[in-house]
>>> print(open('input37.pdb').read())   # PDB, C-alpha atoms
ATOM      1  CA  MET A   1      -3.108  19.961  -6.047
ATOM      2  CA  THR A   2       0.525  20.361  -6.982
ATOM      3  CA  THR A   3       2.569  17.337  -7.987
ATOM      4  CA  LYS A   4       4.409  17.571  -4.651
ATOM      5  CA  GLN A   5       1.089  17.471  -2.776
ATOM      6  CA  ILE A   6       0.107  14.442  -4.851
ATOM      7  CA  GLN A   7       3.382  12.757  -3.902
ATOM      8  CA  TRP A   8       2.709  13.506  -0.228
ATOM      9  CA  SER A   9      -0.757  12.011  -0.616
ATOM     10  CA  ILE A  10       0.717   8.844  -2.108
ATOM     11  CA  GLY A  11       3.193   8.774   0.766
ATOM     12  CA  ALA A  12       0.351   9.222   3.260
ATOM     13  CA  VAL A  13      -1.280   5.988   2.082
ATOM     14  CA  PHE A  14       1.995   4.162   2.704
ATOM     15  CA  PHE A  15       2.534   5.895   6.051
ATOM     16  CA  ILE A  16      -0.984   5.195   7.347
ATOM     17  CA  LEU A  17      -1.325   1.553   6.310
ATOM     18  CA  GLY A  18       2.372   0.751   6.707
ATOM     19  CA  GLY A  19       2.540   2.486  10.050
ATOM     20  CA  TRP A  20      -0.438   0.483  11.280
ATOM     21  CA  ALA A  21       1.224  -2.776  10.193
ATOM     22  CA  MET A  22       4.592  -1.790  11.653
ATOM     23  CA  LEU A  23       3.372  -0.439  15.000
ATOM     24  CA  ALA A  24       0.393  -2.726  15.636
ATOM     25  CA  PRO A  25       0.951  -5.922  13.633
ATOM     26  CA  GLN A  26      -1.288  -8.012  15.877
ATOM     27  CA  SER A  27      -4.155  -5.598  15.231
ATOM     28  CA  VAL A  28      -3.668  -6.029  11.477
ATOM     29  CA  ILE A  29      -3.610  -9.816  11.913
ATOM     30  CA  ASP A  30      -6.711  -9.840  14.126
ATOM     31  CA  LEU A  31      -8.735  -7.690  11.726
ATOM     32  CA  THR A  32      -7.570  -8.802   8.293
ATOM     33  CA  PHE A  33      -6.585 -12.486   8.501
ATOM     34  CA  ARG A  34      -9.163 -15.254   8.507
ATOM     35  CA  PRO A  35      -9.078 -17.264  11.772
ATOM     36  CA  GLU A  36      -7.525 -20.376  10.260
ATOM     37  CA  PHE A  37      -4.460 -18.358   9.172
ATOM     38  CA  LYS A  38      -3.720 -16.712  12.517
ATOM     39  CA  SER A  39      -0.849 -18.685  13.976
ATOM     40  CA  GLY A  40      -0.053 -18.474  17.641
ATOM     41  CA  GLY A  41       3.638 -18.097  16.901
ATOM     42  CA  ARG A  42       5.828 -15.032  16.726
ATOM     43  CA  ILE A  43       6.606 -15.194  13.008
ATOM     44  CA  LEU A  44       3.337 -13.732  11.683
ATOM     45  CA  PRO A  45       3.506 -10.470  13.699
ATOM     46  CA  PHE A  46       7.167 -10.199  12.695
ATOM     47  CA  VAL A  47       6.352 -10.606   8.991
ATOM     48  CA  VAL A  48       3.451  -8.136   9.133
ATOM     49  CA  ALA A  49       5.667  -5.582  10.904
ATOM     50  CA  CYS A  50       8.352  -6.099   8.223
ATOM     51  CA  PHE A  51       5.711  -5.554   5.528
ATOM     52  CA  GLY A  52       4.715  -2.331   7.281
ATOM     53  CA  SER A  53       8.266  -1.091   7.559
ATOM     54  CA  GLN A  54       8.781  -1.712   3.828
ATOM     55  CA  ALA A  55       5.633   0.323   3.143
ATOM     56  CA  MET A  56       6.963   3.129   5.318
ATOM     57  CA  LEU A  57      10.177   3.094   3.290
ATOM     58  CA  SER A  58       8.129   3.327   0.086
ATOM     59  CA  GLY A  59       6.285   6.303   1.557
ATOM     60  CA  LEU A  60       9.580   7.973   2.312
ATOM     61  CA  PHE A  61      10.700   7.505  -1.290
ATOM     62  CA  ALA A  62       7.375   8.867  -2.505
ATOM     63  CA  VAL A  63       7.668  12.092  -0.522
ATOM     64  CA  ALA A  64      11.413  12.632  -0.931
ATOM     65  CA  SER A  65      11.750  12.019  -4.669
ATOM     66  CA  ARG A  66      11.183  14.286  -7.629
ATOM     67  CA  PHE A  67       8.321  12.799  -9.606
ATOM     68  CA  THR A  68       8.014  13.286 -13.345
ATOM     69  CA  ARG A  69       5.227  12.144 -15.636
ATOM     70  CA  THR A  70       7.211   8.946 -16.144
ATOM     71  CA  THR A  71       7.503   8.390 -12.387
ATOM     72  CA  PHE A  72       3.742   8.715 -11.889
ATOM     73  CA  LEU A  73       3.182   6.316 -14.796
ATOM     74  CA  ALA A  74       5.732   3.815 -13.449
ATOM     75  CA  TYR A  75       4.143   3.936  -9.982
ATOM     76  CA  ALA A  76       0.727   3.291 -11.526
ATOM     77  CA  VAL A  77       1.986   0.322 -13.550
ATOM     78  CA  ALA A  78       3.847  -1.043 -10.512
ATOM     79  CA  LEU A  79       0.550  -1.166  -8.587
ATOM     80  CA  ALA A  80      -0.880  -3.868 -10.902
ATOM     81  CA  PRO A  81       0.608  -6.866  -9.048
ATOM     82  CA  PHE A  82      -0.742  -5.514  -5.770
ATOM     83  CA  PHE A  83      -4.288  -5.527  -7.155
ATOM     84  CA  VAL A  84      -3.776  -9.158  -8.210
ATOM     85  CA  PHE A  85      -2.439  -9.944  -4.711
ATOM     86  CA  ASP A  86      -5.450  -8.336  -3.017
ATOM     87  CA  VAL A  87      -7.991 -10.104  -5.212
ATOM     88  CA  TRP A  88      -6.209 -13.457  -5.065
ATOM     89  CA  PHE A  89      -5.817 -13.625  -1.296
ATOM     90  CA  THR A  90      -9.272 -12.216  -0.572
ATOM     91  CA  PHE A  91     -11.448 -14.093  -3.078
ATOM     92  CA  ILE A  92      -9.506 -17.071  -4.461
ATOM     93  CA  ASP A  93      -7.067 -18.321  -1.825
ATOM     94  CA  ARG A  94      -9.114 -16.809   0.983
ATOM     95  CA  ILE A  95      -6.557 -15.717   3.554
ATOM     96  CA  PHE A  96      -7.827 -12.180   4.159
ATOM     97  CA  THR A  97     -11.135 -11.027   5.572
ATOM     98  CA  PRO A  98     -13.033  -8.375   3.597
ATOM     99  CA  LEU A  99     -11.326  -5.753   5.793
ATOM    100  CA  GLY A 100      -8.076  -6.898   4.205
ATOM    101  CA  LEU A 101      -9.244  -5.049   1.111
ATOM    102  CA  LEU A 102      -8.182  -1.827   2.850
ATOM    103  CA  ASP A 103      -4.902  -2.479   1.066
ATOM    104  CA  GLY A 104      -6.790  -2.537  -2.239
ATOM    105  CA  VAL A 105      -8.546   0.716  -1.341
ATOM    106  CA  GLY A 106      -5.170   2.283  -0.632
ATOM    107  CA  ASN A 107      -3.896   1.006  -3.973
ATOM    108  CA  PHE A 108      -6.897   2.482  -5.803
ATOM    109  CA  VAL A 109      -6.320   5.815  -4.065
ATOM    110  CA  MET A 110      -2.667   5.760  -5.138
ATOM    111  CA  LEU A 111      -3.639   4.763  -8.683
ATOM    112  CA  GLY A 112      -5.994   7.740  -8.877
ATOM    113  CA  LEU A 113      -3.317  10.026  -7.488
ATOM    114  CA  CYS A 114      -0.838   8.706 -10.061
ATOM    115  CA  TRP A 115      -3.308   9.496 -12.834
ATOM    116  CA  ILE A 116      -3.804  13.041 -11.524
ATOM    117  CA  GLY A 117      -0.048  13.468 -11.077
ATOM    118  CA  TRP A 118       0.652  12.161 -14.574
ATOM    119  CA  ARG A 119      -1.783  14.708 -16.007
ATOM    120  CA  ARG A 120      -0.419  17.622 -13.961
ATOM    121  CA  ALA A 121       3.313  16.948 -14.141
ATOM    122  CA  PRO A 122       5.205  18.771 -16.856
ATOM    123  CA  ALA A 123       6.209  16.761 -19.916
ATOM    124  CA  ASN A 124       9.526  14.964 -19.425
TER     125      ASN A 124
END
>>> encode(input="input37.pdb", output="structure tokens")
Amino acid sequence: MTTKQIQWSIGAVFFILGGWAMLAPQSVIDLTFRPEFKSGGRILPFVVACFGSQAMLSGLFAVASRFTRTTFLAYAVALAPFFVFDVWFTFIDRIFTPLGLLDGVGNFVMLGLCWIGWRRAPAN
């Protein structure tokens, strides 16, 4: 894989999960939120769709930027809070169902891709 293909793979994670949240927020809510956290109001689908659109924007930056070794490293480090988020809201403050860990799977995939990209990118 070239570094550009790795970037596109990172972007794909954002596009797939973010696109799902943006285009079908109620589906994300129904499958990943525990019943007691599913409000009947309009705000939750709105917030989930906003989260998805932000992910889509991140995917766009991932595919349209020129990544260096430092960029892959920075992306990997920036994923750390998302792992904490996934663990916290799945196992400690139990808001998400186990299917909510799809976000964590996506983060692990991106972390692995960052490692491969860091190794393959030319020295800065």
>>> atom_distance(input="input37.pdb", atom1="atom CA of A:Gly59", atom2="atom CA of A:Val105")
16.1 Å
>>> closest_residue(input="input37.pdb", among="A:Ile10, A:Ala78, A:Ala21, A:Leu73", to="A:Phe51", atoms="all atoms listed in the file")
A:Ala21
>>> residues_around(input="input37.pdb", residues="A:Trp8", least_positions_apart="3", cutoff="10 Å", atoms="only C-alpha atoms", output="VMD selection string")
chain A and resid 2 to 5 11 to 15 59 to 60 62 to 64
>>> write_last_selection(input="input37.pdb", atoms="C-alpha atoms", output="JSON list (two decimals), in the coordinates of the input")
[["chain", "number", "residue", "atom", "x", "y", "z"],
["A", 2, "THR", "CA", 0.52, 20.36, -6.98],
["A", 3, "THR", "CA", 2.57, 17.34, -7.99],
["A", 4, "LYS", "CA", 4.41, 17.57, -4.65],
["A", 5, "GLN", "CA", 1.09, 17.47, -2.78],
["A", 11, "GLY", "CA", 3.19, 8.77, 0.77],
["A", 12, "ALA", "CA", 0.35, 9.22, 3.26],
["A", 13, "VAL", "CA", -1.28, 5.99, 2.08],
["A", 14, "PHE", "CA", 2.00, 4.16, 2.70],
["A", 15, "PHE", "CA", 2.53, 5.90, 6.05],
["A", 59, "GLY", "CA", 6.28, 6.30, 1.56],
["A", 60, "LEU", "CA", 9.58, 7.97, 2.31],
["A", 62, "ALA", "CA", 7.38, 8.87, -2.50],
["A", 63, "VAL", "CA", 7.67, 12.09, -0.52],
["A", 64, "ALA", "CA", 11.41, 12.63, -0.93]]
>>> resolve_selection(input="input37.pdb", expression="the PyMOL selection byres ((chain A and resi 24) around 12)", output="JSON, numbers by chain")
{"A": [16, 17, 18, 19, 20, 21, 22, 23, 25, 26, 27, 28, 29, 30, 31, 45, 46, 47, 48, 49, 50, 51, 52, 53]}
>>> closest_residue(input="input37.pdb", among="A:Leu111, A:Gly104, A:Arg66, A:Phe96", to="A:Val84", atoms="all atoms listed in the file")
A:Gly104
>>> atom_distance(input="input37.pdb", atom1="atom CA of A:Arg34", atom2="atom CA of A:Leu57")
27.2 Å
>>> atom_distance(input="input37.pdb", atom1="atom CA of A:Pro81", atom2="atom CA of A:Asn107")
10.4 Å
>>> closest_residue(input="input37.pdb", among="A:Gln54, A:Ser65, A:Gln7, A:Phe72", to="A:Trp115", atoms="all atoms listed in the file")
A:Phe72
>>> closest_residue(input="input37.pdb", among="A:Thr90, A:Ser39, A:Thr70, A:Ser9", to="A:Gly112", atoms="all atoms listed in the file")
A:Ser9
>>> residues_around(input="input37.pdb", residues="A:Phe85", least_positions_apart="6", cutoff="12 Å", atoms="only C-alpha atoms", output="JSON, numbers by chain")
{"A": [79, 91, 92, 93, 94, 95, 96, 100, 101, 103, 104, 107]}
>>> axis_aligned_box(input="input37.pdb", around="stretch 63-69 of chain A", padding_each_side="5 Å", output="AutoDock Vina command-line options")
--center_x 8.5 --center_y 13.2 --center_z -8.1 --size_x 16.5 --size_y 12.3 --size_z 25.1
>>> closest_residue(input="input37.pdb", among="A:Ala55, A:Ala123, A:Leu99, A:Leu44", to="A:Asp86", atoms="all atoms listed in the file")
A:Leu99
>>> build_atoms(input="input37.pdb", residues="stretch 80-112 of chain A", atoms="N, CA and C atoms", output="PDB file, keeping the file's coordinate frame")
ATOM      1  N   ALA A  80      -0.112  -2.745 -10.343  1.00  0.00           N
ATOM      2  CA  ALA A  80      -0.880  -3.868 -10.902  1.00  0.00           C
ATOM      3  C   ALA A  80      -0.722  -5.171 -10.120  1.00  0.00           C
ATOM      4  N   PRO A  81       0.494  -5.608  -9.797  1.00  0.00           N
ATOM      5  CA  PRO A  81       0.608  -6.866  -9.048  1.00  0.00           C
ATOM      6  C   PRO A  81      -0.048  -6.813  -7.667  1.00  0.00           C
ATOM      7  N   PHE A  82      -0.121  -5.636  -7.084  1.00  0.00           N
ATOM      8  CA  PHE A  82      -0.742  -5.514  -5.770  1.00  0.00           C
ATOM      9  C   PHE A  82      -2.254  -5.709  -5.853  1.00  0.00           C
ATOM     10  N   PHE A  83      -2.858  -5.266  -6.953  1.00  0.00           N
ATOM     11  CA  PHE A  83      -4.288  -5.527  -7.155  1.00  0.00           C
ATOM     12  C   PHE A  83      -4.529  -7.025  -7.297  1.00  0.00           C
ATOM     13  N   VAL A  84      -3.661  -7.699  -8.045  1.00  0.00           N
ATOM     14  CA  VAL A  84      -3.776  -9.158  -8.210  1.00  0.00           C
ATOM     15  C   VAL A  84      -3.633  -9.827  -6.844  1.00  0.00           C
ATOM     16  N   PHE A  85      -2.658  -9.412  -6.063  1.00  0.00           N
ATOM     17  CA  PHE A  85      -2.439  -9.944  -4.711  1.00  0.00           C
ATOM     18  C   PHE A  85      -3.696  -9.802  -3.858  1.00  0.00           C
ATOM     19  N   ASP A  86      -4.263  -8.591  -3.844  1.00  0.00           N
ATOM     20  CA  ASP A  86      -5.450  -8.336  -3.017  1.00  0.00           C
ATOM     21  C   ASP A  86      -6.625  -9.209  -3.432  1.00  0.00           C
ATOM     22  N   VAL A  87      -6.876  -9.291  -4.719  1.00  0.00           N
ATOM     23  CA  VAL A  87      -7.991 -10.104  -5.212  1.00  0.00           C
ATOM     24  C   VAL A  87      -7.727 -11.578  -4.931  1.00  0.00           C
ATOM     25  N   TRP A  88      -6.527 -12.039  -5.219  1.00  0.00           N
ATOM     26  CA  TRP A  88      -6.209 -13.457  -5.065  1.00  0.00           C
ATOM     27  C   TRP A  88      -6.391 -13.908  -3.612  1.00  0.00           C
ATOM     28  N   PHE A  89      -5.795 -13.171  -2.686  1.00  0.00           N
ATOM     29  CA  PHE A  89      -5.817 -13.625  -1.296  1.00  0.00           C
ATOM     30  C   PHE A  89      -7.071 -13.211  -0.522  1.00  0.00           C
ATOM     31  N   THR A  90      -7.979 -12.512  -1.191  1.00  0.00           N
ATOM     32  CA  THR A  90      -9.272 -12.216  -0.572  1.00  0.00           C
ATOM     33  C   THR A  90     -10.369 -13.114  -1.136  1.00  0.00           C
ATOM     34  N   PHE A  91     -10.344 -13.374  -2.443  1.00  0.00           N
ATOM     35  CA  PHE A  91     -11.448 -14.093  -3.078  1.00  0.00           C
ATOM     36  C   PHE A  91     -11.106 -15.488  -3.590  1.00  0.00           C
ATOM     37  N   ILE A  92      -9.852 -15.773  -3.876  1.00  0.00           N
ATOM     38  CA  ILE A  92      -9.506 -17.071  -4.461  1.00  0.00           C
ATOM     39  C   ILE A  92      -8.869 -17.974  -3.409  1.00  0.00           C
ATOM     40  N   ASP A  93      -7.725 -17.601  -2.915  1.00  0.00           N
ATOM     41  CA  ASP A  93      -7.067 -18.321  -1.825  1.00  0.00           C
ATOM     42  C   ASP A  93      -7.353 -17.521  -0.564  1.00  0.00           C
ATOM     43  N   ARG A  94      -8.513 -17.682  -0.026  1.00  0.00           N
ATOM     44  CA  ARG A  94      -9.114 -16.809   0.983  1.00  0.00           C
ATOM     45  C   ARG A  94      -8.337 -16.782   2.301  1.00  0.00           C
ATOM     46  N   ILE A  95      -7.350 -15.912   2.344  1.00  0.00           N
ATOM     47  CA  ILE A  95      -6.557 -15.717   3.554  1.00  0.00           C
ATOM     48  C   ILE A  95      -7.036 -14.472   4.294  1.00  0.00           C
ATOM     49  N   PHE A  96      -7.420 -13.440   3.548  1.00  0.00           N
ATOM     50  CA  PHE A  96      -7.827 -12.180   4.159  1.00  0.00           C
ATOM     51  C   PHE A  96      -9.337 -12.091   4.340  1.00  0.00           C
ATOM     52  N   THR A  97      -9.730 -11.383   5.378  1.00  0.00           N
ATOM     53  CA  THR A  97     -11.135 -11.027   5.572  1.00  0.00           C
ATOM     54  C   THR A  97     -11.447  -9.874   4.613  1.00  0.00           C
ATOM     55  N   PRO A  98     -12.723  -9.526   4.447  1.00  0.00           N
ATOM     56  CA  PRO A  98     -13.033  -8.375   3.597  1.00  0.00           C
ATOM     57  C   PRO A  98     -12.326  -7.088   4.037  1.00  0.00           C
ATOM     58  N   LEU A  99     -12.038  -6.946   5.327  1.00  0.00           N
ATOM     59  CA  LEU A  99     -11.326  -5.753   5.793  1.00  0.00           C
ATOM     60  C   LEU A  99      -9.901  -5.701   5.235  1.00  0.00           C
ATOM     61  N   GLY A 100      -9.384  -6.862   4.833  1.00  0.00           N
ATOM     62  CA  GLY A 100      -8.076  -6.898   4.205  1.00  0.00           C
ATOM     63  C   GLY A 100      -8.026  -6.113   2.905  1.00  0.00           C
ATOM     64  N   LEU A 101      -9.196  -5.839   2.341  1.00  0.00           N
ATOM     65  CA  LEU A 101      -9.244  -5.049   1.111  1.00  0.00           C
ATOM     66  C   LEU A 101      -8.920  -3.569   1.345  1.00  0.00           C
ATOM     67  N   LEU A 102      -8.673  -3.191   2.592  1.00  0.00           N
ATOM     68  CA  LEU A 102      -8.182  -1.827   2.850  1.00  0.00           C
ATOM     69  C   LEU A 102      -6.914  -1.571   2.048  1.00  0.00           C
ATOM     70  N   ASP A 103      -6.107  -2.612   1.888  1.00  0.00           N
ATOM     71  CA  ASP A 103      -4.902  -2.479   1.066  1.00  0.00           C
ATOM     72  C   ASP A 103      -5.294  -2.142  -0.366  1.00  0.00           C
ATOM     73  N   GLY A 104      -6.318  -2.821  -0.883  1.00  0.00           N
ATOM     74  CA  GLY A 104      -6.790  -2.537  -2.239  1.00  0.00           C
ATOM     75  C   GLY A 104      -7.340  -1.126  -2.362  1.00  0.00           C
ATOM     76  N   VAL A 105      -8.037  -0.664  -1.338  1.00  0.00           N
ATOM     77  CA  VAL A 105      -8.546   0.716  -1.341  1.00  0.00           C
ATOM     78  C   VAL A 105      -7.376   1.691  -1.405  1.00  0.00           C
ATOM     79  N   GLY A 106      -6.351   1.433  -0.594  1.00  0.00           N
ATOM     80  CA  GLY A 106      -5.170   2.283  -0.632  1.00  0.00           C
ATOM     81  C   GLY A 106      -4.516   2.276  -2.004  1.00  0.00           C
ATOM     82  N   ASN A 107      -4.476   1.104  -2.633  1.00  0.00           N
ATOM     83  CA  ASN A 107      -3.896   1.006  -3.973  1.00  0.00           C
ATOM     84  C   ASN A 107      -4.721   1.774  -5.000  1.00  0.00           C
ATOM     85  N   PHE A 108      -6.044   1.710  -4.891  1.00  0.00           N
ATOM     86  CA  PHE A 108      -6.897   2.482  -5.803  1.00  0.00           C
ATOM     87  C   PHE A 108      -6.697   3.981  -5.599  1.00  0.00           C
ATOM     88  N   VAL A 109      -6.569   4.401  -4.346  1.00  0.00           N
ATOM     89  CA  VAL A 109      -6.320   5.815  -4.065  1.00  0.00           C
ATOM     90  C   VAL A 109      -5.000   6.233  -4.720  1.00  0.00           C
ATOM     91  N   MET A 110      -3.961   5.413  -4.542  1.00  0.00           N
ATOM     92  CA  MET A 110      -2.667   5.760  -5.138  1.00  0.00           C
ATOM     93  C   MET A 110      -2.734   5.736  -6.659  1.00  0.00           C
ATOM     94  N   LEU A 111      -3.486   4.814  -7.228  1.00  0.00           N
ATOM     95  CA  LEU A 111      -3.639   4.763  -8.683  1.00  0.00           C
ATOM     96  C   LEU A 111      -4.295   6.047  -9.187  1.00  0.00           C
ATOM     97  N   GLY A 112      -5.344   6.485  -8.502  1.00  0.00           N
ATOM     98  CA  GLY A 112      -5.994   7.740  -8.877  1.00  0.00           C
ATOM     99  C   GLY A 112      -5.059   8.929  -8.745  1.00  0.00           C
TER     100      GLY A 112
END
